[in-house]
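This is final-v1.cif. It holds mmCIF, C-alpha atoms.
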```cif
data_data
loop_
_atom_site.label_atom_id
_atom_site.label_comp_id
_atom_site.auth_asym_id
_atom_site.auth_seq_id
_atom_site.Cartn_x
_atom_site.Cartn_y
_atom_site.Cartn_z
CA MET A 1 21.30 6.07 -15.48
CA ASP A 2 21.85 3.28 -18.02
CA PHE A 3 18.58 1.40 -18.48
CA ASP A 4 20.07 -1.42 -20.55
CA ASP A 5 20.58 -4.75 -18.78
CA THR A 6 24.10 -5.71 -17.85
CA PRO A 7 25.06 -9.27 -18.86
CA GLU A 8 24.31 -10.40 -15.30
CA GLU A 9 20.93 -8.65 -15.31
CA ALA A 10 20.08 -10.11 -18.72
CA ALA A 11 20.83 -13.60 -17.40
CA TYR A 12 18.66 -12.95 -14.34
CA ARG A 13 15.83 -11.68 -16.55
CA ALA A 14 16.01 -14.80 -18.71
CA LYS A 15 15.92 -17.02 -15.62
CA ALA A 16 12.86 -15.18 -14.25
CA ARG A 17 11.09 -15.24 -17.61
CA ASP A 18 11.68 -18.98 -18.02
CA TRP A 19 10.37 -19.76 -14.54
CA ILE A 20 7.25 -17.61 -15.01
CA ALA A 21 6.56 -19.23 -18.39
CA VAL A 22 6.46 -22.65 -16.74
CA ASN A 23 4.81 -21.82 -13.41
CA ALA A 24 2.45 -18.86 -13.84
CA PRO A 25 -1.32 -19.56 -13.51
CA LYS A 26 -2.02 -18.99 -17.20
CA GLU A 27 -5.66 -19.97 -16.74
CA LEU A 28 -6.12 -16.64 -14.93
CA LYS A 29 -4.27 -14.43 -17.43
CA ALA A 30 -7.35 -13.35 -19.41
CA GLU A 31 -9.04 -12.14 -16.22
CA LEU A 32 -5.90 -10.43 -14.99
CA ASP A 33 -5.47 -8.64 -18.32
CA LEU A 34 -8.93 -7.09 -17.95
CA ALA A 35 -8.74 -6.43 -14.20
CA GLY A 36 -8.59 -2.72 -13.48
CA PHE A 37 -7.65 -0.93 -10.30
CA GLY A 38 -10.67 -0.80 -8.01
CA GLY A 39 -12.01 -4.28 -8.70
CA PRO A 40 -10.90 -7.80 -7.79
CA SER A 41 -7.95 -9.24 -9.67
CA VAL A 42 -9.96 -12.37 -10.50
CA THR A 43 -13.58 -13.43 -10.03
CA SER A 44 -13.60 -17.06 -11.20
CA VAL A 45 -11.75 -18.07 -8.01
CA SER A 46 -11.12 -16.49 -4.62
CA PRO A 47 -8.62 -13.61 -5.09
CA ILE A 48 -7.17 -14.36 -1.66
CA GLU A 49 -6.66 -18.05 -2.35
CA ALA A 50 -5.30 -17.38 -5.84
CA GLY A 51 -2.89 -14.84 -4.38
CA LYS A 52 -1.74 -17.19 -1.64
CA ALA A 53 -1.19 -20.02 -4.14
CA TRP A 54 0.94 -17.83 -6.40
CA GLN A 55 2.88 -16.39 -3.45
CA ARG A 56 3.53 -19.87 -2.07
CA LYS A 57 4.81 -21.08 -5.43
CA LYS A 58 7.11 -18.07 -5.71
CA SER A 59 8.38 -18.59 -2.19
CA ASP A 60 9.16 -22.26 -2.74
CA ALA A 61 11.24 -21.34 -5.78
CA GLY A 62 13.02 -18.37 -4.17
CA TRP A 63 11.13 -15.57 -5.95
CA ALA A 64 9.25 -14.10 -2.95
CA CYS A 65 10.24 -10.83 -1.22
CA LEU A 66 13.39 -10.79 -3.32
CA HIS A 67 15.09 -7.94 -1.44
CA TRP A 68 14.61 -9.52 2.00
CA PRO A 69 17.43 -11.50 3.58
CA VAL A 70 17.29 -15.24 2.95
CA GLU A 71 16.90 -16.02 6.67
CA TYR A 72 13.64 -14.05 6.73
CA GLY A 73 12.11 -15.73 3.68
CA GLY A 74 13.60 -13.54 0.97
CA ALA A 75 16.30 -14.02 -1.64
CA GLY A 76 18.85 -11.32 -0.79
CA ALA A 77 18.42 -9.89 -4.29
CA THR A 78 19.53 -6.46 -5.48
CA PRO A 79 17.04 -3.62 -6.10
CA MET A 80 17.56 -3.99 -9.86
CA GLN A 81 16.81 -7.72 -9.69
CA ARG A 82 13.59 -6.83 -7.88
CA VAL A 83 12.68 -4.41 -10.71
CA ILE A 84 13.47 -7.03 -13.35
CA TRP A 85 11.25 -9.57 -11.59
CA SER A 86 8.39 -7.09 -11.39
CA GLN A 87 8.69 -6.35 -15.10
CA GLU A 88 8.68 -10.03 -16.02
CA GLU A 89 5.91 -10.99 -13.59
CA GLY A 90 3.63 -8.51 -15.36
CA VAL A 91 -0.11 -9.03 -14.86
CA TYR A 92 0.49 -11.93 -12.48
CA GLY A 93 1.76 -9.34 -10.00
CA LYS A 94 -1.88 -8.31 -9.50
CA LEU A 95 -2.34 -11.53 -7.54
CA SER A 96 0.02 -10.18 -4.86
CA GLY A 97 -2.38 -7.40 -3.82
CA PRO A 98 -3.32 -9.00 -0.46
CA PHE A 99 0.36 -8.92 0.58
CA LEU A 100 1.18 -5.33 -0.42
CA ILE A 101 0.72 -3.89 3.08
CA GLY A 102 2.38 -6.74 4.93
CA GLN A 103 5.38 -7.19 2.67
CA GLY A 104 5.78 -3.54 1.69
CA MET A 105 5.11 -1.79 5.02
CA CYS A 106 4.70 -4.05 8.07
CA GLY A 107 7.52 -6.45 7.16
CA PRO A 108 10.19 -3.74 6.80
CA THR A 109 9.08 -2.25 10.14
CA VAL A 110 9.36 -5.62 11.90
CA MET A 111 12.73 -6.14 10.23
CA ALA A 112 14.01 -2.79 11.50
CA TRP A 113 12.65 -2.87 15.06
CA ALA A 114 11.91 -6.43 16.21
CA GLY A 115 14.29 -8.82 17.94
CA GLU A 116 16.02 -11.55 15.97
CA GLU A 117 13.79 -14.33 17.30
CA GLN A 118 10.67 -12.37 16.40
CA LYS A 119 11.92 -11.63 12.90
CA ARG A 120 12.65 -15.28 12.20
CA ARG A 121 9.21 -16.25 13.51
CA LEU A 122 7.10 -13.55 11.85
CA LEU A 123 8.71 -12.74 8.51
CA PRO A 124 8.97 -16.11 6.66
CA PRO A 125 5.18 -16.82 6.87
CA LEU A 126 4.57 -13.30 5.57
CA ALA A 127 6.99 -13.79 2.67
CA SER A 128 5.47 -17.13 1.71
CA GLY A 129 1.89 -15.87 1.71
CA GLU A 130 0.88 -18.08 4.61
CA GLU A 131 -0.05 -15.03 6.69
CA ILE A 132 -1.43 -11.59 5.83
CA TRP A 133 -0.81 -8.40 7.79
CA CYS A 134 -2.72 -5.11 8.07
CA GLN A 135 -1.76 -1.66 9.31
CA LEU A 136 -3.79 -0.30 12.24
CA PHE A 137 -3.00 3.42 12.05
CA SER A 138 -5.88 5.74 10.97
CA GLU A 139 -8.65 6.74 13.38
CA PRO A 140 -12.06 8.43 12.95
CA ALA A 141 -11.16 11.58 14.91
CA GLY A 142 -7.60 11.94 13.62
CA GLY A 143 -8.03 12.24 9.88
CA SER A 144 -4.58 12.48 8.31
CA ASP A 145 -3.06 13.52 11.64
CA LEU A 146 -1.66 10.16 12.72
CA ALA A 147 -0.13 11.64 15.87
CA GLY A 148 -3.61 12.73 16.97
CA LEU A 149 -4.72 9.14 17.57
CA ARG A 150 -6.71 8.26 20.70
CA THR A 151 -6.54 4.47 20.94
CA ARG A 152 -5.07 3.85 24.40
CA ALA A 153 -2.67 1.19 25.58
CA GLN A 154 -2.17 0.97 29.36
CA ARG A 155 -0.17 -1.44 31.48
CA ALA A 156 -2.27 -4.22 32.99
CA ASP A 157 -2.69 -3.83 36.73
CA ASP A 158 -1.87 -7.49 37.42
CA GLY A 159 1.90 -7.03 37.31
CA SER A 160 2.29 -9.10 34.13
CA GLY A 161 3.74 -6.20 32.12
CA ASP A 162 1.09 -6.78 29.43
CA TRP A 163 -0.76 -3.93 27.74
CA ILE A 164 -4.54 -3.44 27.64
CA VAL A 165 -5.76 -1.69 24.48
CA ASN A 166 -9.06 0.14 23.96
CA GLY A 167 -10.07 2.25 20.99
CA GLN A 168 -10.93 2.21 17.31
CA LYS A 169 -9.14 2.24 13.97
CA ILE A 170 -10.71 2.90 10.58
CA TRP A 171 -9.95 2.47 6.85
CA THR A 172 -7.87 -0.58 7.70
CA SER A 173 -7.30 -2.29 4.35
CA GLY A 174 -7.52 -6.06 4.42
CA ALA A 175 -8.17 -6.38 8.16
CA HIS A 176 -10.97 -8.89 7.48
CA HIS A 177 -8.54 -11.44 6.05
CA SER A 178 -5.41 -10.60 8.08
CA GLN A 179 -3.79 -12.79 10.72
CA TRP A 180 -1.57 -10.02 12.16
CA GLY A 181 -1.82 -6.27 12.60
CA LEU A 182 0.72 -3.50 13.21
CA LEU A 183 -0.84 -1.24 15.85
CA ILE A 184 0.17 2.20 17.06
CA ALA A 185 -1.48 3.41 20.28
CA ARG A 186 -1.17 6.20 22.82
CA THR A 187 0.59 5.13 26.00
CA ASP A 188 1.14 8.55 27.60
CA PRO A 189 -1.38 11.38 27.08
CA THR A 190 0.53 13.79 29.34
CA VAL A 191 3.30 14.51 26.81
CA PRO A 192 3.15 16.16 23.34
CA LYS A 193 1.24 14.03 20.88
CA HIS A 194 4.24 12.72 18.92
CA LYS A 195 6.04 11.56 22.06
CA GLY A 196 3.37 9.50 23.82
CA LEU A 197 2.95 6.75 21.20
CA THR A 198 4.07 3.11 21.22
CA MET A 199 4.03 0.51 18.42
CA PHE A 200 2.82 -3.09 18.84
CA PHE A 201 1.98 -6.09 16.71
CA LEU A 202 -0.91 -8.42 17.55
CA ARG A 203 -2.94 -11.34 16.31
CA MET A 204 -6.17 -10.17 14.67
CA ASP A 205 -8.04 -13.03 16.30
CA SER A 206 -7.09 -11.82 19.79
CA PRO A 207 -10.02 -11.62 22.25
CA GLY A 208 -11.58 -8.16 22.13
CA VAL A 209 -10.69 -7.41 18.48
CA GLU A 210 -13.73 -6.80 16.27
CA VAL A 211 -13.46 -6.15 12.52
CA ARG A 212 -16.37 -4.52 10.66
CA PRO A 213 -16.03 -4.20 6.85
CA ILE A 214 -17.02 -0.85 5.31
CA LYS A 215 -19.18 -1.00 2.18
CA GLN A 216 -17.62 1.15 -0.53
CA ALA A 217 -19.22 3.09 -3.38
CA ASN A 218 -18.07 0.46 -5.89
CA GLY A 219 -19.81 -2.34 -3.97
CA ASP A 220 -16.63 -3.83 -2.50
CA ALA A 221 -15.66 -3.91 1.16
CA ASN A 222 -11.87 -3.83 1.31
CA PHE A 223 -11.65 -1.26 4.11
CA ASN A 224 -12.65 -1.92 7.70
CA GLU A 225 -13.35 -0.45 11.09
CA VAL A 226 -11.48 -2.27 13.85
CA PHE A 227 -12.58 -2.00 17.50
CA PHE A 228 -10.43 -2.89 20.53
CA THR A 229 -12.11 -3.73 23.82
CA ASP A 230 -9.71 -4.65 26.62
CA VAL A 231 -7.36 -6.36 24.16
CA ARG A 232 -4.35 -7.81 25.96
CA ILE A 233 -0.98 -7.55 24.20
CA PRO A 234 2.19 -9.02 25.76
CA ASP A 235 5.03 -6.57 26.20
CA ASP A 236 7.29 -8.68 23.98
CA GLN A 237 5.00 -7.69 21.09
CA ARG A 238 6.13 -4.09 21.40
CA LEU A 239 8.34 -2.62 18.63
CA GLY A 240 10.81 -0.06 19.89
CA ALA A 241 10.80 1.47 23.34
CA GLU A 242 7.73 2.75 25.15
CA GLY A 243 7.01 6.21 23.76
CA GLN A 244 9.08 5.58 20.62
CA GLY A 245 6.09 4.74 18.44
CA TRP A 246 6.37 7.82 16.24
CA GLN A 247 9.93 6.97 15.21
CA VAL A 248 8.86 3.39 14.50
CA SER A 249 5.88 4.61 12.49
CA LEU A 250 8.15 6.71 10.26
CA THR A 251 9.79 3.47 9.10
CA THR A 252 6.34 2.19 8.13
CA LEU A 253 5.27 5.44 6.46
CA MET A 254 8.43 5.84 4.38
CA ASN A 255 8.11 2.29 3.15
CA GLU A 256 4.39 2.83 2.59
CA ARG A 257 4.99 5.75 0.25
CA LEU A 258 7.73 3.85 -1.56
CA SER A 259 5.52 0.79 -1.89
CA ILE A 260 2.37 2.66 -2.92
CA GLY A 261 4.02 5.44 -4.91
CA SER A 262 6.26 3.17 -6.95
CA GLY A 263 3.57 0.61 -7.67
CA MET A 264 0.36 2.66 -7.81
CA PRO A 265 -1.43 2.27 -11.13
CA THR A 266 -2.27 5.36 -13.16
CA GLY A 267 -4.76 3.78 -15.55
CA PHE A 268 -2.84 5.15 -18.54
CA PRO A 269 -2.01 1.78 -20.19
CA GLU A 270 -5.67 0.78 -19.95
CA LEU A 271 -6.80 4.13 -21.35
CA PHE A 272 -4.34 3.97 -24.25
CA ASP A 273 -5.44 0.45 -25.11
CA PHE A 274 -9.09 1.53 -24.99
CA CYS A 275 -8.45 4.50 -27.29
CA MET A 276 -6.74 2.23 -29.81
CA LYS A 277 -9.86 0.04 -30.02
CA ALA A 278 -12.78 2.41 -29.38
CA GLU A 279 -14.64 4.51 -31.92
CA LEU A 280 -15.84 8.11 -31.72
CA ASP A 281 -18.42 9.25 -34.27
CA GLY A 282 -17.67 6.25 -36.43
CA GLN A 283 -13.90 6.84 -36.43
CA PRO A 284 -11.11 5.28 -34.33
CA ALA A 285 -10.73 7.35 -31.15
CA ILE A 286 -6.97 7.50 -31.66
CA ASP A 287 -7.52 9.44 -34.90
CA SER A 288 -8.99 12.35 -32.94
CA ALA A 289 -6.48 15.16 -32.38
CA ALA A 290 -8.17 16.01 -29.08
CA VAL A 291 -7.82 12.41 -27.84
CA ARG A 292 -4.18 12.24 -28.92
CA SER A 293 -3.45 15.53 -27.15
CA ARG A 294 -4.97 14.27 -23.92
CA LEU A 295 -3.13 10.96 -24.21
CA ALA A 296 0.15 12.82 -24.74
CA SER A 297 -0.46 14.79 -21.53
CA PHE A 298 -1.05 11.60 -19.58
CA ALA A 299 1.97 9.95 -21.23
CA VAL A 300 4.27 12.74 -20.06
CA ARG A 301 3.14 12.32 -16.46
CA ALA A 302 3.40 8.54 -16.65
CA SER A 303 6.94 8.86 -17.97
CA GLY A 304 7.85 11.28 -15.18
CA LEU A 305 6.53 8.83 -12.60
CA LYS A 306 8.52 6.00 -14.16
CA TYR A 307 11.83 7.83 -14.03
CA THR A 308 11.20 9.34 -10.60
CA GLY A 309 10.65 5.77 -9.44
CA MET A 310 13.92 4.78 -11.06
CA ARG A 311 15.67 7.48 -9.04
CA ALA A 312 14.33 5.90 -5.86
CA ILE A 313 15.48 2.47 -7.04
CA SER A 314 18.91 3.88 -7.81
CA ALA A 315 19.10 5.31 -4.28
CA LEU A 316 18.14 1.93 -2.82
CA SER A 317 20.82 0.22 -4.88
CA LYS A 318 23.37 2.48 -3.17
CA GLY A 319 22.12 1.46 0.28
CA ASP A 320 20.02 4.56 0.98
CA THR A 321 16.67 4.28 2.78
CA PRO A 322 13.36 5.41 1.24
CA GLY A 323 13.02 9.16 1.58
CA PRO A 324 10.32 11.84 1.41
CA GLU A 325 10.75 12.16 -2.36
CA ASN A 326 8.69 8.99 -2.73
CA SER A 327 5.67 11.10 -1.80
CA ILE A 328 5.88 12.61 -5.30
CA GLY A 329 4.94 9.34 -6.98
CA LYS A 330 1.97 8.74 -4.72
CA LEU A 331 0.70 12.32 -5.08
CA VAL A 332 0.91 12.42 -8.88
CA ALA A 333 -0.32 8.86 -9.50
CA GLY A 334 -3.34 9.27 -7.23
CA SER A 335 -4.69 12.35 -8.99
CA MET A 336 -3.79 10.99 -12.43
CA LEU A 337 -5.72 7.77 -11.81
CA GLN A 338 -8.84 9.80 -11.07
CA GLU A 339 -8.40 12.00 -14.15
CA VAL A 340 -7.78 9.01 -16.44
CA ALA A 341 -10.89 7.22 -15.19
CA MET A 342 -13.05 10.34 -15.65
CA TYR A 343 -11.76 10.88 -19.19
CA ALA A 344 -12.34 7.23 -20.11
CA LEU A 345 -15.93 7.46 -18.88
CA ASP A 346 -16.44 10.61 -20.95
CA LEU A 347 -15.25 8.75 -24.05
CA GLN A 348 -17.52 5.79 -23.29
CA ALA A 349 -20.62 7.98 -22.88
CA GLN A 350 -23.55 5.80 -21.72
CA GLY A 351 -21.36 2.68 -21.84
CA GLY A 352 -19.38 4.05 -18.94
CA ALA A 353 -22.33 3.45 -16.61
CA ILE A 354 -22.13 -0.32 -17.09
CA ALA A 355 -20.46 -2.29 -14.31
CA GLY A 356 -20.15 -5.93 -13.27
CA PRO A 357 -18.99 -9.03 -15.13
CA GLU A 358 -21.33 -8.37 -18.06
CA ALA A 359 -19.53 -5.10 -18.77
CA ASP A 360 -16.29 -6.86 -19.64
CA ALA A 361 -13.47 -4.34 -20.09
CA LEU A 362 -15.77 -1.31 -20.11
CA GLY A 363 -16.63 -1.69 -16.44
CA ARG A 364 -13.07 -1.34 -15.21
CA PHE A 365 -12.99 2.45 -15.69
CA GLN A 366 -16.10 2.88 -13.57
CA ALA A 367 -14.56 0.69 -10.87
CA MET A 368 -11.35 2.68 -11.20
CA LEU A 369 -13.17 5.99 -10.74
CA LEU A 370 -15.15 4.81 -7.72
CA ARG A 371 -11.96 3.53 -6.08
CA SER A 372 -9.76 6.49 -7.02
CA PRO A 373 -10.76 8.93 -4.21
CA ALA A 374 -9.33 6.48 -1.70
CA THR A 375 -5.95 6.58 -3.45
CA ARG A 376 -5.74 10.28 -2.67
CA ILE A 377 -6.30 9.65 1.05
CA GLU A 378 -4.64 6.33 1.91
CA GLY A 379 -0.95 6.55 2.65
CA GLY A 380 -1.30 10.29 3.32
CA SER A 381 -3.76 12.74 1.77
CA ASP A 382 -2.72 15.07 -1.04
CA GLU A 383 -2.34 17.92 1.46
CA ILE A 384 -0.07 15.88 3.74
CA LEU A 385 2.08 14.80 0.80
CA ARG A 386 2.42 18.38 -0.46
CA ASN A 387 3.59 19.43 2.98
CA ILE A 388 6.16 16.61 3.04
CA ILE A 389 7.44 17.53 -0.43
CA GLY A 390 7.50 21.24 0.39
CA GLU A 391 9.22 20.92 3.75
CA ARG A 392 11.50 17.90 3.35
CA VAL A 393 12.30 17.95 -0.36
CA LEU A 394 12.14 21.65 -1.30
CA GLY A 395 13.20 22.97 2.10
CA LEU A 396 10.25 25.36 2.49
CA PRO A 397 9.18 26.62 5.94
CA GLY A 398 6.94 24.24 7.84
CA ASP A 399 3.31 24.88 8.70
CA ILE A 400 2.59 26.65 11.98
CA ARG A 401 1.63 24.08 14.63
CA VAL A 402 -0.31 25.50 17.55
CA ASP A 403 -0.24 22.13 19.33
CA LYS A 404 3.54 21.80 19.29
CA ALA A 405 4.96 20.99 22.74
CA VAL A 406 1.43 20.90 24.22
CA PRO A 407 0.55 17.73 26.19
CA PHE A 408 -1.97 15.69 24.24
CA ASN A 409 -4.54 15.71 27.03
CA GLU A 410 -4.47 19.54 27.05
CA ILE A 411 -5.19 20.01 23.33
CA PRO A 412 -8.74 21.39 23.03
CA THR A 413 -11.17 19.29 21.03
CA SER A 414 -14.90 19.45 20.51
CA GLY A 415 -15.18 15.97 22.00
CA ARG A 416 -13.86 16.97 25.43
CA GLY A 417 -15.92 18.73 27.99
#
```

Would you put the structure from the file into structure tokens?
Amino acid sequence: MDFDDTPEEAAYRAKARDWIAVNAPKELKAELDLAGFGGPSVTSVSPIEAGKAWQRKKSDAGWACLHWPVEYGGAGATPMQRVIWSQEEGVYGKLSGPFLIGQGMCGPTVMAWAGEEQKRRLLPPLASGEEIWCQLFSEPAGGSDLAGLRTRAQRADDGSGDWIVNGQKIWTSGAHHSQWGLLIARTDPTVPKHKGLTMFFLRMDSPGVEVRPIKQANGDANFNEVFFTDVRIPDDQRLGAEGQGWQVSLTTLMNERLSIGSGMPTGFPELFDFCMKAELDGQPAIDSAAVRSRLASFAVRASGLKYTGMRAISALSKGDTPGPENSIGKLVAGSMLQEVAMYALDLQAQGGAIAGPEADALGRFQAMLLRSPATRIEGGSDEILRNIIGERVLGLPGDIRVDKAVPFNEIPTSGRG
């Protein structure tokens, strides 16, 4: 692959750079430079409002959801133009965090499975930042087994064709500030677990929906429990056919691993910058052979992630859909983030225990470490990703499944009498 810009790409890069230079919220740049993964992008203003303002400005100028069709709020740009924009947007891209799930996962699913009228109604407000979406997949009893979910959707008995939903979801990122949710529920418990699922979308302010934020170890509350009590969903808010929810969910999951895996931070740039400035035993940390050796190890992995991501981008540019190989990026980046944060705290010694605004840049590695375990679970745990890579990329035999072809309501569980 040739990584040099073509003349057309160079012109596009210059256009993006010029627009960002004029329109970016430069008053937030210092905060964004210091913001590490695991903490808010900015603290002087509301991160949600700052993100919406930047997304709205991008949308008005045609820089939002570049790869989406124009009629859905995008720009119809090529994958390489999307990469160029991301490179030029730089730290200001951190402001787009609230839209990662909606634009990277829910939006592509709606685009693939919804009717034309629904797409034109739902997608432009998502692209412009007017509305935020969340993904209602994981459940307390299911762990990483999405097909083991128990939230039920049953037809209303009033002949309306509506669905009545009862159940619980957990670890739902951003549910507390989302207007819409993508919900997968069980509609037929008498068939094998992958076949009795149906996908819906719903307003998060629907009667019977309760969102409870979960306090995290780092003091934030970005994850949520979501409870459904007799929530009514019209049938025209169903994506795909009844019982086709697993196929629909695969669209979401493939885009999730592309979105997370290609954009997940590793912490390496922050660590390298810290080592260039910090001192160990009165000497610059970078002068230590042990530090340089560890940085080299991280640099190799970061480079591998970069070029593996480029392979995925190259496939997209040829019209291919995101594949299981995107699980590699998420698997490697998740574990690397945790290792980088732990090493940085070791180098900081007692200073690594400081957190909060008074800690300035030092606190970001602590926040990174406290947030990093979630990166190894969300979007598929390490074990799930290794199975995907082994079975679908390397062609290894699949795990033995004792519940295969067994109706869901006949699978023994400790919760059933």

Using all atoms listed in the file, can you tell me which of A:Pro373, A:Gly363, A:Pro284, A:Gly267 comes closest to Val340 (chain A)? A:Gly267

The PyMOL selection byres ((chain A and resi 146-153) around 7) applied to the shown file, residues as a ChimeraX atom specification: /A:137-139,142,144-145,154-155,163-168,185-187,193-194

Translate the PyMOL selection byres ((chain A and resi 96) around 10) into a concrete residue list for this structure, as an MDAnalysis selection string. chainID A and resid 41 47:48 50:55 92:95 97:100 103 129

Using C-alpha atoms, can you write the selected residues to a file as a PDB file, keeping the file's coordinate frame?
```pdb
ATOM      1  CA  SER A  41      -7.950  -9.240  -9.670  1.00  0.00           C
ATOM      2  CA  PRO A  47      -8.620 -13.610  -5.090  1.00  0.00           C
ATOM      3  CA  ILE A  48      -7.170 -14.360  -1.660  1.00  0.00           C
ATOM      4  CA  ALA A  50      -5.300 -17.380  -5.840  1.00  0.00           C
ATOM      5  CA  GLY A  51      -2.890 -14.840  -4.380  1.00  0.00           C
ATOM      6  CA  LYS A  52      -1.740 -17.190  -1.640  1.00  0.00           C
ATOM      7  CA  ALA A  53      -1.190 -20.020  -4.140  1.00  0.00           C
ATOM      8  CA  TRP A  54       0.940 -17.830  -6.400  1.00  0.00           C
ATOM      9  CA  GLN A  55       2.880 -16.390  -3.450  1.00  0.00           C
ATOM     10  CA  TYR A  92       0.490 -11.930 -12.480  1.00  0.00           C
ATOM     11  CA  GLY A  93       1.760  -9.340 -10.000  1.00  0.00           C
ATOM     12  CA  LYS A  94      -1.880  -8.310  -9.500  1.00  0.00           C
ATOM     13  CA  LEU A  95      -2.340 -11.530  -7.540  1.00  0.00           C
ATOM     14  CA  GLY A  97      -2.380  -7.400  -3.820  1.00  0.00           C
ATOM     15  CA  PRO A  98      -3.320  -9.000  -0.460  1.00  0.00           C
ATOM     16  CA  PHE A  99       0.360  -8.920   0.580  1.00  0.00           C
ATOM     17  CA  LEU A 100       1.180  -5.330  -0.420  1.00  0.00           C
ATOM     18  CA  GLN A 103       5.380  -7.190   2.670  1.00  0.00           C
ATOM     19  CA  GLY A 129       1.890 -15.870   1.710  1.00  0.00           C
TER      20      GLY A 129
END
```

The residues within 12 Å of (-5.0, 9.2, -27.4), using all atoms listed in the file and the coordinates of the file, should be reported as number ranges by chain; which are they? A: 268-280, 284-299, 340, 343-344, 347

Restricted to C-alpha atoms, what would the selected residues look like written as an mmCIF file, in the frame of the given file?
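The resulting out-v6.cif:
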```cif
data_model
loop_
_atom_site.group_PDB
_atom_site.id
_atom_site.type_symbol
_atom_site.label_atom_id
_atom_site.label_comp_id
_atom_site.auth_asym_id
_atom_site.auth_seq_id
_atom_site.Cartn_x
_atom_site.Cartn_y
_atom_site.Cartn_z
ATOM 1 C CA PHE A 268 -2.840 5.150 -18.540
ATOM 2 C CA PRO A 269 -2.010 1.780 -20.190
ATOM 3 C CA GLU A 270 -5.670 0.780 -19.950
ATOM 4 C CA LEU A 271 -6.800 4.130 -21.350
ATOM 5 C CA PHE A 272 -4.340 3.970 -24.250
ATOM 6 C CA ASP A 273 -5.440 0.450 -25.110
ATOM 7 C CA PHE A 274 -9.090 1.530 -24.990
ATOM 8 C CA CYS A 275 -8.450 4.500 -27.290
ATOM 9 C CA MET A 276 -6.740 2.230 -29.810
ATOM 10 C CA LYS A 277 -9.860 0.040 -30.020
ATOM 11 C CA ALA A 278 -12.780 2.410 -29.380
ATOM 12 C CA GLU A 279 -14.640 4.510 -31.920
ATOM 13 C CA LEU A 280 -15.840 8.110 -31.720
ATOM 14 C CA PRO A 284 -11.110 5.280 -34.330
ATOM 15 C CA ALA A 285 -10.730 7.350 -31.150
ATOM 16 C CA ILE A 286 -6.970 7.500 -31.660
ATOM 17 C CA ASP A 287 -7.520 9.440 -34.900
ATOM 18 C CA SER A 288 -8.990 12.350 -32.940
ATOM 19 C CA ALA A 289 -6.480 15.160 -32.380
ATOM 20 C CA ALA A 290 -8.170 16.010 -29.080
ATOM 21 C CA VAL A 291 -7.820 12.410 -27.840
ATOM 22 C CA ARG A 292 -4.180 12.240 -28.920
ATOM 23 C CA SER A 293 -3.450 15.530 -27.150
ATOM 24 C CA ARG A 294 -4.970 14.270 -23.920
ATOM 25 C CA LEU A 295 -3.130 10.960 -24.210
ATOM 26 C CA ALA A 296 0.150 12.820 -24.740
ATOM 27 C CA SER A 297 -0.460 14.790 -21.530
ATOM 28 C CA PHE A 298 -1.050 11.600 -19.580
ATOM 29 C CA ALA A 299 1.970 9.950 -21.230
ATOM 30 C CA VAL A 340 -7.780 9.010 -16.440
ATOM 31 C CA TYR A 343 -11.760 10.880 -19.190
ATOM 32 C CA ALA A 344 -12.340 7.230 -20.110
ATOM 33 C CA LEU A 347 -15.250 8.750 -24.050
#
```

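Counting all atoms listed in the file and comparing A:Gly104, A:Gly398, A:Gly159, A:Gly143, the residue that lies closest to Gly380 (chain A) is A:Gly143.
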
Could you write out as a count of residues only the residues that the PyMOL selection byres ((chain A and resi 88) around 12) matches in the shown file? 25

From the list A:Ser128, A:Leu197, A:Lys119, A:Lys306, which residue is nearest Ala61 (chain A) when using all atoms listed in the file? A:Ser128

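For the set A:Gly243, A:Gly62, A:Gly390, A:Gly219, the residue with the smallest atom-to-atom gap to Pro189 (chain A) is A:Gly243, counting all atoms listed in the file.
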
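Considering all atoms listed in the file, the residue among A:Gly395, A:Gly39, A:Gly196, A:Gly334 positioned nearest to Gly379 (chain A) is A:Gly334.
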
Shell of 12 Å around Thr43 (chain A), all atoms listed in the file, local chain residues under 3 positions omitted, as a ChimeraX atom specification: /A:28-32,34-35,39-40,46-50,95,356-357,360

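CA of Pro69 (chain A) lies 10.6 Å from CA of Arg120 (chain A).
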
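Near Asp403 (chain A), within a cut-off of 10 Å and counting all atoms listed in the file, sit the residues Pro192, Lys193, Glu410, Ile411 and Pro412 of chain A, with same-chain residues fewer than 6 positions away left out.
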